[in-house]
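*Asks:* So that we are looking at the same thing, I have put the structure below in structure tokens.
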Amino acid sequence: MTVNLLDLDAAGLTAFFAAHGEKPFRARQVLRWLHRFGRADFAAMTDIAGSLREKLARLAVVRPPAMLADRVSDDGTHKFLFDVGGGNAVESVFIPEEERGTLCISTQAGCALDCSFCSTGKQGFNRNLTVAEIIGQLWQARQVLGAYQGKEANGERVISNVVLMGMGEPLANPDNTVTALRLMLDDNAYGLSRRRVTVSTSGLVPAMDRLRDECAVALAVSLHAPNDRLRDELVPINRKYPLRELLAACRRYLEKAPRDFVTFEYVLLDGVNDSAAQARELLALTREVPCKFNLIPFNPFPGTSYRRSSAPRIRGFAEILLAAGVVATTRRTRGDDIAAACGQLAGQVLDRTRRTGRRVIDLRLERQEAGA
Ligand code: SF4
């Protein structure tokens, strides 16, 4: 059976070469060719002996997910759609800004957690993405954006930040997420700083502890409610890991985190979680956790009964947080909306959970194409 080398981090490649009687340093060489230089053809790996290159061609492949589409907006935002087989497709988004370039990637085809306001959740769940499918989104985006063709020669990074905030709950796919994160941080691969890689979670407490111990990167938490009663409804995983446990896990995480705060994401839903009293309740709830808030105006999708909060209501909510000395940003631009919380990206999911009871065919992409 051939191995997809994009599924392996440095430890995995070392084990692969050991199993085939090769020296450990081969892992470092191949890692650099694959990820730093973006090469998929073994013949191009010129510092590797010809006999080993032939062996690799027999034993292994380099297979990222196929890119189905790359739509570029006027502001330079790219939306990539990737085929992950079986009728499923996931999206990544690249958002260029003056000081940085951020790629938002997906970790699952769909999501099983069924948050009530989330378009991804409503599409159901098919499966976890493999490491090659997760890291392959970065690999493919770098090809398209020219990162492998010398644009980074002067030290400028085309993709300086990666956020795991696309389709899926990254910590419900912890093994593959952690391996992909290790590749992002590895100096022989992408060499990203831990501060510039962010995992967004809805609050899977045991997996947050595991991430802290195994690969602590920056953390964002989808909070969305100031008390358990409302959060049980909006983010059902809260019934298993209520706020008290979630906030304690955030404090534990900060002991090893590369940043000294957690980002709380809060989608503002008109008349549901956006009152002045709820803003004050939120301040009291998070008093003990160094944090900042991303306030996200809700993007309605077909079939939802939630509405976006009015601009004055969003402003009023933010002002209460700001007046208490808490950093609170309100996301406005299209690209920022996308990379502000998990479940903000489109795709296509053949639901295996029977939640939808039918095939969901990329409603959001159809809407976007129709200019909605
Ligand atoms: S908000 Fe995040 S965790 Fe909840 S259903 Fe959507 S993708 Fe899953």
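Chain labels A, B, ... are given in the sequence in which chains occur in the structure tokens; within each chain residues are numbered consecutively from 1, and ligands are likewise numbered from 1 in the order shown.
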Could you list the protein, DNA and RNA residues that have any atom within 6 Å of ligand 1, counting only C-alpha atoms and all ligand atoms, and write them as a list of chain:residue names?
*Replies:*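 Selection of residues at most 6 Å from ligand 1: A:Cys111, A:Leu113, A:Asp114, A:Cys115, A:Cys118, A:Thr120, A:Gly121, A:Met167, A:Gly168, A:Glu169, A:Ser202, A:Cys342, A:Gly343.
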*Asks:* Go ahead and save the residues from that selection, with N, CA, C and O atoms, as a PDB file, in the first residue's frame.
*Replies:*
```
ATOM      1  N   CYS A 111     -19.826  19.021  10.544  1.00  0.00           N
ATOM      2  CA  CYS A 111     -19.547  19.078  11.981  1.00  0.00           C
ATOM      3  C   CYS A 111     -20.703  18.410  12.704  1.00  0.00           C
ATOM      4  O   CYS A 111     -21.866  18.626  12.367  1.00  0.00           O
ATOM      5  N   LEU A 113     -21.465  18.770  15.887  1.00  0.00           N
ATOM      6  CA  LEU A 113     -21.839  19.399  17.167  1.00  0.00           C
ATOM      7  C   LEU A 113     -23.127  20.214  17.109  1.00  0.00           C
ATOM      8  O   LEU A 113     -23.662  20.595  18.138  1.00  0.00           O
ATOM      9  N   ASP A 114     -23.598  20.502  15.930  1.00  0.00           N
ATOM     10  CA  ASP A 114     -24.959  21.011  15.742  1.00  0.00           C
ATOM     11  C   ASP A 114     -25.285  22.280  16.535  1.00  0.00           C
ATOM     12  O   ASP A 114     -26.360  22.369  17.150  1.00  0.00           O
ATOM     13  N   CYS A 115     -24.388  23.241  16.519  1.00  0.00           N
ATOM     14  CA  CYS A 115     -24.720  24.522  17.155  1.00  0.00           C
ATOM     15  C   CYS A 115     -25.893  25.142  16.381  1.00  0.00           C
ATOM     16  O   CYS A 115     -25.923  25.113  15.151  1.00  0.00           O
ATOM     17  N   CYS A 118     -25.422  27.721  13.435  1.00  0.00           N
ATOM     18  CA  CYS A 118     -24.262  27.490  12.561  1.00  0.00           C
ATOM     19  C   CYS A 118     -24.661  26.778  11.276  1.00  0.00           C
ATOM     20  O   CYS A 118     -25.241  25.693  11.306  1.00  0.00           O
ATOM     21  N   THR A 120     -22.620  25.395   9.055  1.00  0.00           N
ATOM     22  CA  THR A 120     -21.893  24.121   8.915  1.00  0.00           C
ATOM     23  C   THR A 120     -22.595  23.038   9.715  1.00  0.00           C
ATOM     24  O   THR A 120     -22.808  21.921   9.239  1.00  0.00           O
ATOM     25  N   GLY A 121     -22.947  23.361  10.963  1.00  0.00           N
ATOM     26  CA  GLY A 121     -23.609  22.371  11.824  1.00  0.00           C
ATOM     27  C   GLY A 121     -24.884  21.837  11.187  1.00  0.00           C
ATOM     28  O   GLY A 121     -25.192  20.651  11.286  1.00  0.00           O
ATOM     29  N   MET A 167     -14.605  24.747   8.279  1.00  0.00           N
ATOM     30  CA  MET A 167     -15.633  23.745   8.543  1.00  0.00           C
ATOM     31  C   MET A 167     -15.131  22.751   9.591  1.00  0.00           C
ATOM     32  O   MET A 167     -14.024  22.234   9.496  1.00  0.00           O
ATOM     33  N   GLY A 168     -15.968  22.481  10.608  1.00  0.00           N
ATOM     34  CA  GLY A 168     -15.640  21.438  11.576  1.00  0.00           C
ATOM     35  C   GLY A 168     -15.106  21.950  12.896  1.00  0.00           C
ATOM     36  O   GLY A 168     -14.743  23.114  13.040  1.00  0.00           O
ATOM     37  N   GLU A 169     -15.095  21.049  13.866  1.00  0.00           N
ATOM     38  CA  GLU A 169     -14.545  21.325  15.195  1.00  0.00           C
ATOM     39  C   GLU A 169     -13.169  20.660  15.242  1.00  0.00           C
ATOM     40  O   GLU A 169     -13.062  19.423  15.296  1.00  0.00           O
ATOM     41  N   SER A 202     -15.274  24.862  20.152  1.00  0.00           N
ATOM     42  CA  SER A 202     -16.537  25.157  20.830  1.00  0.00           C
ATOM     43  C   SER A 202     -16.462  24.755  22.302  1.00  0.00           C
ATOM     44  O   SER A 202     -17.410  24.988  23.046  1.00  0.00           O
ATOM     45  N   CYS A 342     -15.527  29.270  14.208  1.00  0.00           N
ATOM     46  CA  CYS A 342     -15.669  28.021  13.471  1.00  0.00           C
ATOM     47  C   CYS A 342     -17.039  27.980  12.800  1.00  0.00           C
ATOM     48  O   CYS A 342     -17.985  28.625  13.227  1.00  0.00           O
ATOM     49  N   GLY A 343     -17.092  27.202  11.732  1.00  0.00           N
ATOM     50  CA  GLY A 343     -18.367  27.018  11.054  1.00  0.00           C
ATOM     51  C   GLY A 343     -18.760  28.160  10.151  1.00  0.00           C
ATOM     52  O   GLY A 343     -19.898  28.245   9.720  1.00  0.00           O
TER      53      GLY A 343
END
```
*Asks:* If DSSP is run on the backbone, what residues of region 204-369 of chain A are helix (DSSP H, G or I)? A reply as an MDAnalysis selection string would be ideal.
*Replies:* chainID A and resid 205:215 228:234 236:239 243:254 276:285 311:323 334:338 363:369
*Asks:* What does the structure give for the distance between CA of Gln140 (chain A) and CA of Leu56 (chain A), in Å to one decimal?
*Replies:*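 Distance reported for this atom pair: 21.3 Å.
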*Asks:* I'd like to know which of A:Ala27, A:Ala216, A:Leu211, A:Leu68 is closest to Ile48 (chain A), using only C-alpha atoms.
*Replies:*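 Between A:Ala27, A:Ala216, A:Leu211, A:Leu68, the residue approaching Ile48 (chain A) most closely is A:Ala27.
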*Asks:* What's the 12 Å shell around region 18-26 of chain A, counting only C-alpha atoms, without same-chain residues fewer than 4 positions away, as a ChimeraX atom specification?
*Replies:* /A:10-14,30-33,45,47-49,51-53,55-56,58-60,188
*Asks:* Which residues are close to region 253-256 of chain A, i.e. within 9 Å by only C-alpha atoms, leaving aside same-chain residues fewer than 5 positions away? Reply as number ranges by chain.
*Replies:* A: 208-209, 211-213, 216-217, 219, 248, 261-262, 289-290
*Asks:* Between A:Ala279, A:Ala89, A:Leu129, A:Ala257, single out the one closest to Thr107 (chain A), counting only C-alpha atoms.
*Replies:* A:Leu129
*Asks:* How many Å separate CA of Ala218 (chain A) from CA of Gly146 (chain A)?
*Replies:*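 Separating CA of Ala218 (chain A) from CA of Gly146 (chain A) is a distance of 26.3 Å.
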*Asks:* Nearest residue to Leu145 (chain A) out of A:Val163, A:Leu103, A:Ala276, A:Leu181, using only C-alpha atoms?
*Replies:* A:Leu103
*Asks:* Separation of CA of Ala328 (chain A) and CA of Glu233 (chain A), in Å?
*Replies:* 23.9 Å
*Asks:* Nearest residue to Thr102 (chain A) out of A:Ile159, A:Gly76, A:Asn173, A:Gln137, using only C-alpha atoms?
*Replies:*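 Once distances to Thr102 (chain A) are computed over only C-alpha atoms, the minimum belongs to A:Ile159.
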*Asks:* Select, from A:Thr177, A:Thr263, A:Ser106, A:Ser73, the residue with the minimum atom-to-atom distance to Glu91 (chain A), counting only C-alpha atoms.
*Replies:*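 The closest residue to Glu91 (chain A) is A:Ser106.
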*Asks:* Let's see if you can do this: from backbone DSSP, list all strand (DSSP E or B) residues in region 225-304 of chain A, as a PyMOL selection string.
*Replies:* chain A and resi 262-269+291-297
*Asks:* Write the residues of the selection above to a file with all heavy atoms, as a compact mmCIF listing (two decimals), in the first residue's frame.
*Replies:*
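Result saved to again17.txt:
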```
# COMPACT_ATOMS: atom_id res chain seq x y z
N VAL A 262 -7.09 34.42 25.92
CA VAL A 262 -7.93 33.57 25.06
C VAL A 262 -8.83 34.53 24.29
O VAL A 262 -9.29 35.54 24.83
CB VAL A 262 -8.79 32.62 25.92
CG1 VAL A 262 -9.84 31.90 25.07
CG2 VAL A 262 -7.92 31.62 26.64
N THR A 263 -9.09 34.21 23.03
CA THR A 263 -10.06 35.00 22.26
C THR A 263 -11.43 34.33 22.38
O THR A 263 -11.57 33.14 22.07
CB THR A 263 -9.65 35.07 20.78
OG1 THR A 263 -8.34 35.65 20.70
CG2 THR A 263 -10.63 35.92 19.98
N PHE A 264 -12.41 35.07 22.87
CA PHE A 264 -13.77 34.54 22.90
C PHE A 264 -14.54 35.06 21.70
O PHE A 264 -14.62 36.28 21.48
CB PHE A 264 -14.49 34.95 24.19
CG PHE A 264 -13.99 34.24 25.42
CD1 PHE A 264 -13.63 34.94 26.56
CD2 PHE A 264 -13.91 32.85 25.44
CE1 PHE A 264 -13.17 34.27 27.68
CE2 PHE A 264 -13.45 32.17 26.55
CZ PHE A 264 -13.08 32.89 27.68
N GLU A 265 -15.09 34.13 20.94
CA GLU A 265 -15.91 34.50 19.79
C GLU A 265 -17.36 34.56 20.24
O GLU A 265 -17.83 33.70 21.00
CB GLU A 265 -15.74 33.47 18.68
CG GLU A 265 -14.32 33.39 18.15
CD GLU A 265 -13.95 32.01 17.66
OE1 GLU A 265 -14.75 31.07 17.80
OE2 GLU A 265 -12.82 31.87 17.16
N TYR A 266 -18.05 35.58 19.76
CA TYR A 266 -19.43 35.78 20.22
C TYR A 266 -20.25 36.27 19.03
O TYR A 266 -20.14 37.42 18.60
CB TYR A 266 -19.42 36.81 21.35
CG TYR A 266 -20.67 36.83 22.21
CD1 TYR A 266 -20.71 36.18 23.44
CD2 TYR A 266 -21.80 37.54 21.80
CE1 TYR A 266 -21.85 36.22 24.25
CE2 TYR A 266 -22.94 37.58 22.60
CZ TYR A 266 -22.94 36.92 23.82
OH TYR A 266 -24.07 36.96 24.62
N VAL A 267 -21.04 35.36 18.46
CA VAL A 267 -21.92 35.73 17.34
C VAL A 267 -23.14 36.42 17.91
O VAL A 267 -23.84 35.86 18.78
CB VAL A 267 -22.32 34.47 16.55
CG1 VAL A 267 -23.42 34.81 15.52
CG2 VAL A 267 -21.12 33.87 15.83
N LEU A 268 -23.40 37.63 17.46
CA LEU A 268 -24.53 38.39 18.01
C LEU A 268 -25.82 38.08 17.26
O LEU A 268 -25.92 38.30 16.04
CB LEU A 268 -24.21 39.89 17.94
CG LEU A 268 -23.17 40.30 19.00
CD1 LEU A 268 -22.42 41.53 18.57
CD2 LEU A 268 -23.82 40.51 20.35
N LEU A 269 -26.79 37.54 18.00
CA LEU A 269 -28.07 37.11 17.44
C LEU A 269 -29.15 38.03 18.00
O LEU A 269 -29.30 38.17 19.23
CB LEU A 269 -28.36 35.66 17.86
CG LEU A 269 -27.26 34.64 17.52
CD1 LEU A 269 -27.48 33.33 18.27
CD2 LEU A 269 -27.24 34.38 16.01
N CYS A 291 -8.69 37.73 28.54
CA CYS A 291 -9.35 37.42 27.27
C CYS A 291 -9.59 38.68 26.45
O CYS A 291 -9.49 39.80 26.95
CB CYS A 291 -10.71 36.76 27.52
SG CYS A 291 -11.89 37.80 28.40
N LYS A 292 -9.87 38.46 25.17
CA LYS A 292 -10.44 39.52 24.36
C LYS A 292 -11.61 38.92 23.58
O LYS A 292 -11.70 37.70 23.44
CB LYS A 292 -9.41 40.17 23.47
CG LYS A 292 -8.80 39.31 22.42
CD LYS A 292 -7.80 40.12 21.62
CE LYS A 292 -7.87 39.74 20.17
NZ LYS A 292 -6.93 40.48 19.34
N PHE A 293 -12.47 39.80 23.09
CA PHE A 293 -13.68 39.33 22.42
C PHE A 293 -13.67 39.68 20.95
O PHE A 293 -13.28 40.78 20.56
CB PHE A 293 -14.93 39.97 23.05
CG PHE A 293 -15.30 39.36 24.37
CD1 PHE A 293 -14.75 39.85 25.55
CD2 PHE A 293 -16.17 38.29 24.43
CE1 PHE A 293 -15.06 39.27 26.76
CE2 PHE A 293 -16.50 37.70 25.64
CZ PHE A 293 -15.94 38.20 26.81
N ASN A 294 -14.10 38.71 20.13
CA ASN A 294 -14.44 38.98 18.74
C ASN A 294 -15.95 38.96 18.66
O ASN A 294 -16.57 37.89 18.83
CB ASN A 294 -13.93 37.85 17.84
CG ASN A 294 -12.57 38.14 17.28
OD1 ASN A 294 -12.13 39.29 17.27
ND2 ASN A 294 -11.89 37.11 16.83
N LEU A 295 -16.55 40.10 18.43
CA LEU A 295 -18.01 40.15 18.27
C LEU A 295 -18.31 39.99 16.78
O LEU A 295 -17.73 40.69 15.94
CB LEU A 295 -18.56 41.47 18.79
CG LEU A 295 -18.24 41.75 20.26
CD1 LEU A 295 -18.79 43.12 20.67
CD2 LEU A 295 -18.81 40.66 21.17
N ILE A 296 -19.18 39.07 16.46
CA ILE A 296 -19.40 38.69 15.06
C ILE A 296 -20.87 38.91 14.70
O ILE A 296 -21.74 38.20 15.22
CB ILE A 296 -19.03 37.20 14.84
CG1 ILE A 296 -17.62 36.92 15.34
CG2 ILE A 296 -19.19 36.83 13.38
CD1 ILE A 296 -17.38 35.48 15.69
N PRO A 297 -21.15 39.88 13.85
CA PRO A 297 -22.54 40.01 13.39
C PRO A 297 -22.95 38.73 12.66
O PRO A 297 -22.21 38.22 11.83
CB PRO A 297 -22.47 41.20 12.42
CG PRO A 297 -21.22 41.94 12.80
CD PRO A 297 -20.25 40.89 13.27
```
*Asks:* Quick one: residues within 6 Å of Thr77 (chain A), only C-alpha atoms, excluding same-chain residues fewer than 2 positions away - as number ranges by chain?
*Replies:* A: 72-73, 75, 94-95
*Asks:* Can you pull out every residue within 10 Å of Phe82 (chain A), counting only C-alpha atoms, but drop anything in the same chain fewer than 2 positions away, and send it as an mmCIF file with C-alpha atoms, in the first residue's frame?
*Replies:*
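Resulting contents of result_7.cif:
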```
data_model
loop_
_atom_site.group_PDB
_atom_site.id
_atom_site.type_symbol
_atom_site.label_atom_id
_atom_site.label_comp_id
_atom_site.auth_asym_id
_atom_site.auth_seq_id
_atom_site.Cartn_x
_atom_site.Cartn_y
_atom_site.Cartn_z
ATOM 1 C CA PRO A 64 -3.102 16.955 -1.450
ATOM 2 C CA PRO A 65 -6.870 17.382 -1.858
ATOM 3 C CA ALA A 66 -7.766 18.498 -5.384
ATOM 4 C CA MET A 67 -8.658 22.170 -5.682
ATOM 5 C CA LEU A 68 -12.070 22.510 -7.316
ATOM 6 C CA ALA A 69 -12.275 26.288 -7.318
ATOM 7 C CA ASP A 70 -10.375 29.459 -6.415
ATOM 8 C CA LYS A 79 -11.965 31.224 -1.477
ATOM 9 C CA PHE A 80 -10.626 27.787 -2.244
ATOM 10 C CA VAL A 84 -12.139 15.494 -0.227
ATOM 11 C CA GLY A 85 -13.862 12.578 -1.958
ATOM 12 C CA ASN A 88 -17.681 16.060 0.098
ATOM 13 C CA ALA A 89 -15.945 19.382 -0.388
ATOM 14 C CA VAL A 90 -14.456 21.811 2.141
ATOM 15 C CA GLU A 91 -13.459 25.428 1.880
ATOM 16 C CA SER A 92 -10.415 27.474 2.878
ATOM 17 C CA SER A 106 -11.204 23.253 7.636
ATOM 18 C CA GLU A 133 -6.377 16.992 3.664
ATOM 19 C CA GLY A 136 -2.921 20.019 1.969
ATOM 20 C CA GLN A 137 -5.154 23.109 2.104
ATOM 21 C CA GLN A 140 -2.266 24.047 -2.221
ATOM 22 C CA GLY A 347 -18.591 23.376 1.538
ATOM 23 C CA GLN A 348 -20.560 20.335 0.611
#
```
*Asks:* Could you tell me which of A:Arg195, A:Arg308, A:Arg63, A:Arg157 comes closest to Val3 (chain A) if we count only C-alpha atoms?
*Replies:*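 Nearest to Val3 (chain A): A:Arg63.
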*Asks:* Skip Asp187 (chain A) itself and residues of its chain fewer than 3 positions away, then list as a compact mmCIF listing (two decimals) with C-alpha atoms, in the first residue's frame all residues within 10 Å of it, counting only C-alpha atoms.
*Replies:*
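Saved as out_29.txt:
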```txt
# COMPACT_ATOMS: atom_id res chain seq x y z
CA ARG A 28 14.23 16.20 7.37
CA LEU A 31 10.02 17.35 4.79
CA ARG A 32 11.81 20.35 3.31
CA HIS A 35 6.54 21.59 2.56
CA ARG A 36 9.19 24.27 2.38
CA ARG A 182 3.19 20.16 14.18
CA LEU A 183 3.87 20.46 10.47
CA MET A 184 2.81 24.11 10.49
CA TYR A 190 6.20 25.86 7.31
CA GLY A 191 8.04 27.33 10.31
CA LEU A 192 5.06 29.32 11.59
CA SER A 193 5.21 30.83 15.06
```
